[in-house]
file run29.txt (compact mmCIF, C-alpha atoms)
# COMPACT_ATOMS: atom_id res chain seq x y z
CA MET U 1 -14.99 229.54 110.34
CA ASN U 2 -15.03 225.81 111.04
CA ILE U 3 -11.98 224.31 112.71
CA SER U 4 -11.36 220.66 113.50
CA ASN U 5 -11.64 219.29 117.03
CA HIS U 6 -7.91 218.56 116.94
CA ALA U 7 -7.08 222.20 116.12
CA TYR U 8 -9.54 223.44 118.77
CA ASN U 9 -7.88 221.21 121.38
CA LYS U 10 -4.47 222.67 120.47
CA VAL U 11 -5.81 226.20 121.06
CA ILE U 12 -7.29 225.25 124.43
CA GLN U 13 -4.09 223.40 125.45
CA SER U 14 -2.04 226.50 124.55
CA TRP U 15 -4.33 228.67 126.64
CA TRP U 16 -4.17 226.35 129.66
CA LEU U 17 -0.39 225.98 129.42
CA LEU U 18 0.16 229.76 129.39
CA LYS U 19 -2.50 230.42 132.04
CA ILE U 20 -1.11 227.90 134.53
CA THR U 21 2.56 228.74 133.98
CA TYR U 22 2.14 232.53 134.14
CA GLY U 23 -0.19 232.26 137.13
CA LEU U 24 2.20 229.99 139.05
CA LEU U 25 5.23 232.07 138.02
CA PHE U 26 3.73 235.19 139.55
CA VAL U 27 2.54 233.49 142.73
CA ILE U 28 5.91 231.76 143.26
CA ALA U 29 8.06 234.76 142.24
CA GLY U 30 5.89 236.97 144.46
CA ALA U 31 6.26 234.61 147.44
CA ASP U 32 10.00 234.39 146.82
CA LYS U 33 10.32 238.15 147.28
CA PHE U 34 9.86 237.33 151.00
CA MET U 35 12.31 234.41 151.02
CA HIS U 36 14.92 235.19 148.33
CA LEU U 37 15.44 231.50 147.51
CA VAL U 38 15.61 231.83 143.71
CA THR U 39 17.83 234.92 143.79
CA ASP U 40 18.54 238.09 145.76
CA TRP U 41 15.74 240.16 144.19
CA ASP U 42 16.96 243.42 145.77
CA GLU U 43 19.86 243.56 143.32
CA TYR U 44 17.40 243.92 140.41
CA LEU U 45 15.82 247.08 141.87
CA SER U 46 17.05 250.21 140.15
CA PRO U 47 18.69 252.89 142.38
CA LEU U 48 16.51 255.36 140.45
CA ILE U 49 13.36 253.76 141.89
CA VAL U 50 14.94 253.54 145.36
CA SER U 51 15.62 257.29 145.20
CA PHE U 52 11.86 257.92 144.79
CA LEU U 53 10.92 255.80 147.83
CA PRO U 54 10.00 257.54 151.11
CA ALA U 55 12.92 257.72 153.57
CA GLN U 56 11.29 255.18 155.93
CA VAL U 57 10.96 252.51 153.19
CA THR U 58 14.04 250.45 152.32
CA ALA U 59 14.58 248.66 148.99
CA HIS U 60 14.11 245.34 150.82
CA GLN U 61 10.73 246.45 152.22
CA PHE U 62 9.66 247.72 148.79
CA MET U 63 10.30 244.24 147.39
CA TYR U 64 7.71 242.88 149.86
CA PHE U 65 5.17 245.22 148.26
CA VAL U 66 6.29 244.01 144.81
CA GLY U 67 5.85 240.41 146.00
CA ILE U 68 2.28 241.05 147.19
CA VAL U 69 1.35 242.73 143.89
CA GLU U 70 2.82 239.80 141.94
CA MET U 71 0.93 237.23 144.00
CA VAL U 72 -2.37 239.11 143.48
CA ILE U 73 -1.74 239.29 139.71
CA GLY U 74 -0.83 235.58 139.67
CA LEU U 75 -4.10 234.70 141.41
CA LEU U 76 -6.04 236.82 138.88
CA VAL U 77 -4.43 234.83 136.05
CA LEU U 78 -5.23 231.51 137.75
CA THR U 79 -8.88 232.40 138.42
CA LYS U 80 -11.57 233.57 136.00
CA PHE U 81 -9.93 237.00 135.59
CA THR U 82 -7.27 235.58 133.27
CA LYS U 83 -7.55 238.27 130.60
CA LEU U 84 -7.19 241.14 133.09
CA GLY U 85 -4.39 239.24 134.81
CA ALA U 86 -2.59 238.63 131.50
CA TYR U 87 -2.67 242.33 130.61
CA LEU U 88 -1.40 243.18 134.11
CA VAL U 89 1.41 240.62 133.72
CA ALA U 90 2.38 242.22 130.37
CA ALA U 91 2.30 245.70 131.94
CA TRP U 92 4.24 244.50 135.00
CA PHE U 93 6.98 242.94 132.88
CA SER U 94 7.16 246.14 130.82
CA LEU U 95 7.77 248.10 134.05
CA ILE U 96 10.46 245.57 135.04
CA VAL U 97 12.10 246.10 131.63
CA LEU U 98 12.16 249.88 132.19
CA ASN U 99 13.54 249.32 135.72
CA LEU U 100 16.33 247.09 134.34
CA LEU U 101 17.15 249.43 131.44
CA SER U 102 17.54 252.32 133.89
CA MET U 103 20.28 250.30 135.65
CA LEU U 104 22.31 249.96 132.41
CA THR U 105 23.55 246.52 133.48
CA TYR U 106 21.00 243.72 132.96
CA PHE U 107 20.25 244.22 129.24
CA ASP U 108 19.97 240.47 128.58
CA ILE U 109 17.47 240.02 131.41
CA ALA U 110 15.54 243.05 130.08
CA VAL U 111 15.26 241.39 126.65
CA ARG U 112 14.09 238.14 128.27
CA ASP U 113 11.50 240.01 130.36
CA LEU U 114 10.24 241.77 127.23
CA VAL U 115 9.71 238.32 125.67
CA LEU U 116 7.76 237.25 128.78
CA ALA U 117 5.62 240.41 128.47
CA ILE U 118 4.87 239.48 124.85
CA GLY U 119 3.96 235.94 125.95
CA ALA U 120 1.48 237.40 128.46
CA TYR U 121 -0.11 239.47 125.68
CA VAL U 122 -0.47 236.25 123.67
CA LEU U 123 -2.25 234.72 126.69
CA ALA U 124 -4.69 237.66 126.67
CA GLN U 125 -5.42 237.04 122.97
CA LEU U 126 -5.98 233.32 123.56
CA THR U 127 -8.22 234.10 126.55
CA ASP U 128 -10.50 236.02 124.17
CA VAL U 129 -10.64 232.96 121.90
CA HIS U 130 -11.27 230.63 124.84
CA GLU U 131 -14.02 232.82 126.30
CA GLU U 132 -15.78 233.10 122.96
CA SER U 133 -15.52 229.37 122.22
CA THR U 134 -16.80 228.34 125.66
CA GLY U 135 -19.55 230.98 125.38
CA SER U 136 -20.65 229.68 121.99
CA ALA U 137 -20.47 226.09 123.27
CA ARG U 138 -22.89 226.97 126.10
CA THR U 139 -25.44 228.68 123.82
CA MET R 140 -16.23 223.76 116.26
CA ASN R 141 -17.12 227.18 114.85
CA PHE R 142 -14.81 230.15 115.32
CA SER R 143 -15.90 233.74 114.66
CA LYS R 144 -13.75 236.05 112.52
CA LYS R 145 -12.69 237.83 115.74
CA SER R 146 -11.41 234.57 117.25
CA VAL R 147 -9.53 233.68 114.07
CA ASP R 148 -8.01 237.19 114.04
CA ASN R 149 -6.94 236.77 117.69
CA LEU R 150 -5.39 233.38 116.89
CA GLN R 151 -3.51 234.73 113.88
CA ARG R 152 -2.32 237.74 115.90
CA ALA R 153 -1.07 235.48 118.72
CA TRP R 154 0.76 233.26 116.18
CA TRP R 155 2.34 236.18 114.31
CA ILE R 156 3.48 237.84 117.54
CA LEU R 157 5.22 234.66 118.76
CA LEU R 158 6.70 233.97 115.33
CA LEU R 159 8.13 237.48 114.90
CA THR R 160 9.30 237.64 118.53
CA TYR R 161 11.27 234.40 118.34
CA SER R 162 12.66 235.09 114.85
CA GLY R 163 13.79 238.55 115.99
CA LEU R 164 15.05 237.31 119.36
CA PHE R 165 17.22 234.57 117.87
CA ILE R 166 18.69 236.89 115.24
CA LEU R 167 19.30 239.60 117.88
CA VAL R 168 21.00 237.37 120.48
CA GLY R 169 22.89 235.55 117.72
CA VAL R 170 24.33 238.80 116.35
CA ASP R 171 25.03 240.07 119.88
CA LYS R 172 27.26 237.05 120.57
CA PHE R 173 29.79 238.74 118.25
CA PHE R 174 29.56 242.09 120.10
CA ASN R 175 28.64 241.22 123.72
CA ILE R 176 26.53 244.36 124.16
CA LEU R 177 23.59 242.73 125.99
CA VAL R 178 25.87 240.62 128.19
CA ASP R 179 29.24 238.87 128.10
CA TRP R 180 27.91 235.58 126.71
CA GLN R 181 31.02 233.62 127.74
CA ILE R 182 29.77 233.50 131.33
CA PHE R 183 26.99 231.16 130.18
CA VAL R 184 29.27 228.47 128.76
CA SER R 185 29.41 225.53 131.17
CA GLN R 186 32.58 223.58 131.96
CA SER R 187 31.14 220.44 130.39
CA ALA R 188 30.24 222.29 127.15
CA GLN R 189 33.76 223.78 127.05
CA HIS R 190 35.24 220.34 127.61
CA ILE R 191 33.25 218.83 124.73
CA PHE R 192 34.35 221.66 122.39
CA PHE R 193 38.08 221.58 123.21
CA ASN R 194 38.10 224.47 125.75
CA THR R 195 37.43 227.09 123.07
CA SER R 196 34.48 228.96 124.54
CA SER R 197 34.74 231.95 122.16
CA VAL R 198 34.69 229.68 119.09
CA LEU R 199 31.83 227.68 120.63
CA ILE R 200 29.82 230.86 121.25
CA ARG R 201 30.34 232.11 117.69
CA LEU R 202 29.37 228.75 116.28
CA PHE R 203 26.24 228.76 118.43
CA ALA R 204 25.54 232.37 117.35
CA VAL R 205 25.59 231.41 113.68
CA ILE R 206 23.23 228.49 114.38
CA GLN R 207 20.90 230.86 116.27
CA ILE R 208 20.86 233.40 113.43
CA ILE R 209 20.17 230.66 110.87
CA ALA R 210 17.37 229.25 113.07
CA GLY R 211 15.83 232.74 113.47
CA VAL R 212 15.91 233.42 109.72
CA PHE R 213 14.61 229.89 109.00
CA LEU R 214 11.67 230.47 111.35
CA PHE R 215 10.85 233.85 109.79
CA ILE R 216 11.05 232.58 106.20
CA SER R 217 9.53 229.10 106.48
CA ARG R 218 7.01 229.73 109.32
CA SER R 219 6.97 225.96 109.67
CA ARG R 220 6.81 223.51 112.55
CA ALA R 221 10.27 222.22 111.58
CA ALA R 222 11.71 225.69 112.25
CA VAL R 223 9.95 225.87 115.62
CA TYR R 224 11.43 222.46 116.50
CA CYS R 225 14.92 223.87 115.71
CA ILE R 226 14.31 226.85 118.03
CA LEU R 227 12.95 224.49 120.68
CA ALA R 228 16.02 222.25 120.44
CA LEU R 229 18.34 225.25 120.89
CA LEU R 230 16.35 226.46 123.91
CA LEU R 231 16.50 222.99 125.46
CA PHE R 232 20.26 222.92 124.90
CA ILE R 233 20.58 226.33 126.61
CA PHE R 234 18.39 225.14 129.50
CA PHE R 235 20.47 222.01 130.16
CA ASN R 236 23.70 223.98 129.76
CA LEU R 237 22.51 226.44 132.44
CA TRP R 238 21.22 223.60 134.60
CA SER R 239 24.67 221.98 134.59
CA MET R 240 26.12 225.26 135.90
CA MET R 241 23.57 225.68 138.76
CA GLY R 242 24.20 229.41 139.02
CA PHE R 243 21.76 231.23 136.76
CA SER R 244 18.38 230.40 138.26
CA VAL R 245 16.66 233.58 136.99
CA VAL R 246 17.94 233.04 133.44
CA MET R 247 16.85 229.38 133.66
CA VAL R 248 13.31 230.41 134.58
CA HIS R 249 13.26 232.79 131.59
CA ASP R 250 14.55 230.01 129.35
CA LEU R 251 11.89 227.63 130.65
CA PHE R 252 9.21 230.16 129.69
CA MET R 253 10.72 230.53 126.23
CA ILE R 254 10.45 226.73 125.86
CA ILE R 255 6.79 226.97 126.89
CA HIS R 256 6.21 229.79 124.36
CA CYS R 257 7.76 227.62 121.64
CA ILE R 258 5.50 224.69 122.51
CA VAL R 259 2.54 227.10 122.18
CA LEU R 260 3.97 228.39 118.87
CA LEU R 261 4.26 224.78 117.69
CA TRP R 262 0.61 224.07 118.50
CA LEU R 263 -0.63 227.36 117.03
CA THR R 264 1.36 226.74 113.82
CA GLU R 265 -0.56 223.49 113.47
CA VAL R 266 -3.85 225.36 113.98
CA ILE R 267 -2.94 228.14 111.53
CA ASN R 268 -1.87 225.57 108.91
CA SER R 269 -5.21 223.76 109.30
CA LEU R 270 -7.04 227.09 108.81
CA LYS R 271 -5.05 227.72 105.61
CA ILE R 272 -5.87 224.26 104.29
CA LYS R 273 -9.57 224.82 104.93
CA GLY R 274 -9.26 228.19 103.14

call {"tool": "encode", "arguments": {"input": "run29.txt", "output": "C-alpha cells"}}
result
Amino acid sequence: MNISNHAYNKVIQSWWLLKITYGLLFVIAGADKFMHLVTDWDEYLSPLIVSFLPAQVTAHQFMYFVGIVEMVIGLLVLTKFTKLGAYLVAAWFSLIVLNLLSMLTYFDIAVRDLVLAIGAYVLAQLTDVHEESTGSART
Amino acid sequence: MNFSKKSVDNLQRAWWILLLTYSGLFILVGVDKFFNILVDWQIFVSQSAQHIFFNTSSVLIRLFAVIQIIAGVFLFISRSRAAVYCILALLLFIFFNLWSMMGFSVVMVHDLFMIIHCIVLLWLTEVINSLKIKG
C-alpha cells in the first residue's frame, strides 16, 4: 500500500519518540535505583518478593540488581535491538504491575505502569514497521 | 513510500491499542474518582487548583471526572484527532497541577509518558486517516 511521505514521516517520528523516551527512561530509572533521587524505590518493592530473597540480600541491594537490569534493557532499546528491548520493557512493566498489585496499596501506579507496558508493545509494533520500511528503502 | 500489508496491520494494531487504552483509561479513572478505589484522588489536587475552584476539592474532582469520562467516550466513538487533543489537554493540565505540587515525581513521569503516547496517537491517527482516504 502506498502512503504519502508526510504519513511515513509521522510513523518514523512516532517510532523515534517512543524509542528515545523509553530507552532514556530505563537508563535513568535504572541509574536512580543507586541514588534514589526521583523517589525512594525500596518502598515500591513488595514484601512478598522480599520474602523470597536469600537471607544475605536486603531489599535495598535487590534494587541495585533491578537498576542494572533496567539500564541494560534501556541500552537495548536505544541501540539496534529496539524490538527485543521494547518487548522486555513491556514484560518488565508487567512484572512491576504484579509486584504492585501484590502490595494492595499502589493500584493507581499499577494502572499507570500497565499503560506504560502497552506503550512499549506499541513501540515493538512500530519497530517492525520501521525495520521493514528501512529494509525496503535499501533494496 | 510503499508499505506491505504486514506493516499496515502493525500500524493499525498500534493505533487501535493506543486508542482503546486511552479511551478505557480515561473512563476508568473518571469513574474511580467517584469511588476512590485506585487511590484517594483528593491528594492530587494542588493548593492553586483548589484556590481557583473556591476550595471545593471534592466538587472539583467530580467535575474533572465527568470531563474525563466524556473525553474517553468521545475518543472511543469519534476516533478523531480532536478527541486526542482533548485527552492531551487534560493530561497537560494534570502534569502542571502535579508540577505545582512538587511531591509526586513518579506520577509526573508516568503522566509525561502518557502525554508522549498521546502525541504518538495523534500522529498515527493522521496516518490511519490518510490510509482510509487512499482506500

call {"tool": "closest_residue", "arguments": {"input": "run29.txt", "among": "U:Phe34, U:Tyr121, U:Phe93, U:Phe52", "to": "Leu157 in chain R", "atoms": "all atoms listed in the file"}}
result
U:Tyr121

call {"tool": "residues_near_point", "arguments": {"input": "run29.txt", "point": "(4.2, 236.1, 143.3)", "cutoff": "10 Å", "atoms": "all atoms listed in the file", "output": "ChimeraX atom specification"}}
result
/U:23-34,66-75

call {"tool": "interface_residues", "arguments": {"input": "run29.txt", "of": "chain R", "to": "chain U", "cutoff": "7 Å", "atoms": "all atoms listed in the file", "output": "list in words"}}
result
Met140, Asn141, Phe142, Ser143, Lys144, Ser146, Asn149, Leu150, Ala153, Leu177, Val178, Ser244, His249, His256, Val259, Trp262, Leu263, Val266 and Leu270 of chain R

call {"tool": "atom_distance", "arguments": {"input": "run29.txt", "atom1": "CA of Ala90 in chain U", "atom2": "CA of Asp40 in chain U"}}
result
22.7 Å

call {"tool": "atom_distance", "arguments": {"input": "run29.txt", "atom1": "CA of Ala188 in chain R", "atom2": "CA of Phe165 in chain R"}}
result
20.2 Å

call {"tool": "closest_residue", "arguments": {"input": "run29.txt", "among": "U:Ala59, U:Met35, U:Ile20, U:Val97", "to": "Lys80 in chain U", "atoms": "only C-alpha atoms"}}
result
U:Ile20

call {"tool": "residues_around", "arguments": {"input": "run29.txt", "residues": "Leu260 in chain R", "least_positions_apart": "3", "cutoff": "10 Å", "atoms": "all atoms listed in the file", "output": "PDB file with C-alpha atoms, in the coordinates of the input"}}
result
ATOM      1  CA  SER U  14      -2.040 226.500 124.550  1.00  0.00           C
TER       2      SER U  14
ATOM      3  CA  ALA R 153      -1.070 235.480 118.720  1.00  0.00           C
ATOM      4  CA  TRP R 154       0.760 233.260 116.180  1.00  0.00           C
ATOM      5  CA  TRP R 155       2.340 236.180 114.310  1.00  0.00           C
ATOM      6  CA  ILE R 156       3.480 237.840 117.540  1.00  0.00           C
ATOM      7  CA  LEU R 157       5.220 234.660 118.760  1.00  0.00           C
ATOM      8  CA  LEU R 158       6.700 233.970 115.330  1.00  0.00           C
ATOM      9  CA  TYR R 161      11.270 234.400 118.340  1.00  0.00           C
ATOM     10  CA  SER R 219       6.970 225.960 109.670  1.00  0.00           C
ATOM     11  CA  ARG R 220       6.810 223.510 112.550  1.00  0.00           C
ATOM     12  CA  VAL R 223       9.950 225.870 115.620  1.00  0.00           C
ATOM     13  CA  TYR R 224      11.430 222.460 116.500  1.00  0.00           C
ATOM     14  CA  LEU R 227      12.950 224.490 120.680  1.00  0.00           C
ATOM     15  CA  ILE R 254      10.450 226.730 125.860  1.00  0.00           C
ATOM     16  CA  ILE R 255       6.790 226.970 126.890  1.00  0.00           C
ATOM     17  CA  HIS R 256       6.210 229.790 124.360  1.00  0.00           C
ATOM     18  CA  CYS R 257       7.760 227.620 121.640  1.00  0.00           C
ATOM     19  CA  LEU R 263      -0.630 227.360 117.030  1.00  0.00           C
ATOM     20  CA  THR R 264       1.360 226.740 113.820  1.00  0.00           C
ATOM     21  CA  GLU R 265      -0.560 223.490 113.470  1.00  0.00           C
ATOM     22  CA  VAL R 266      -3.850 225.360 113.980  1.00  0.00           C
TER      23      VAL R 266
END

call {"tool": "axis_aligned_box", "arguments": {"input": "run29.txt", "around": "range 35-40 of chain U", "padding_each_side": "4 Å", "output": "AutoDock Vina command-line options"}}
result
--center_x 15.4 --center_y 234.8 --center_z 147.4 --size_x 14.2 --size_y 14.6 --size_z 15.3

call {"tool": "atom_distance", "arguments": {"input": "run29.txt", "atom1": "CA of Met63 in chain U", "atom2": "CA of Leu45 in chain U"}}
result
8.3 Å

call {"tool": "closest_residue", "arguments": {"input": "run29.txt", "among": "U:Leu53, U:Phe65, U:Tyr44, U:Trp16", "to": "Leu100 in chain U", "atoms": "all atoms listed in the file"}}
result
U:Tyr44
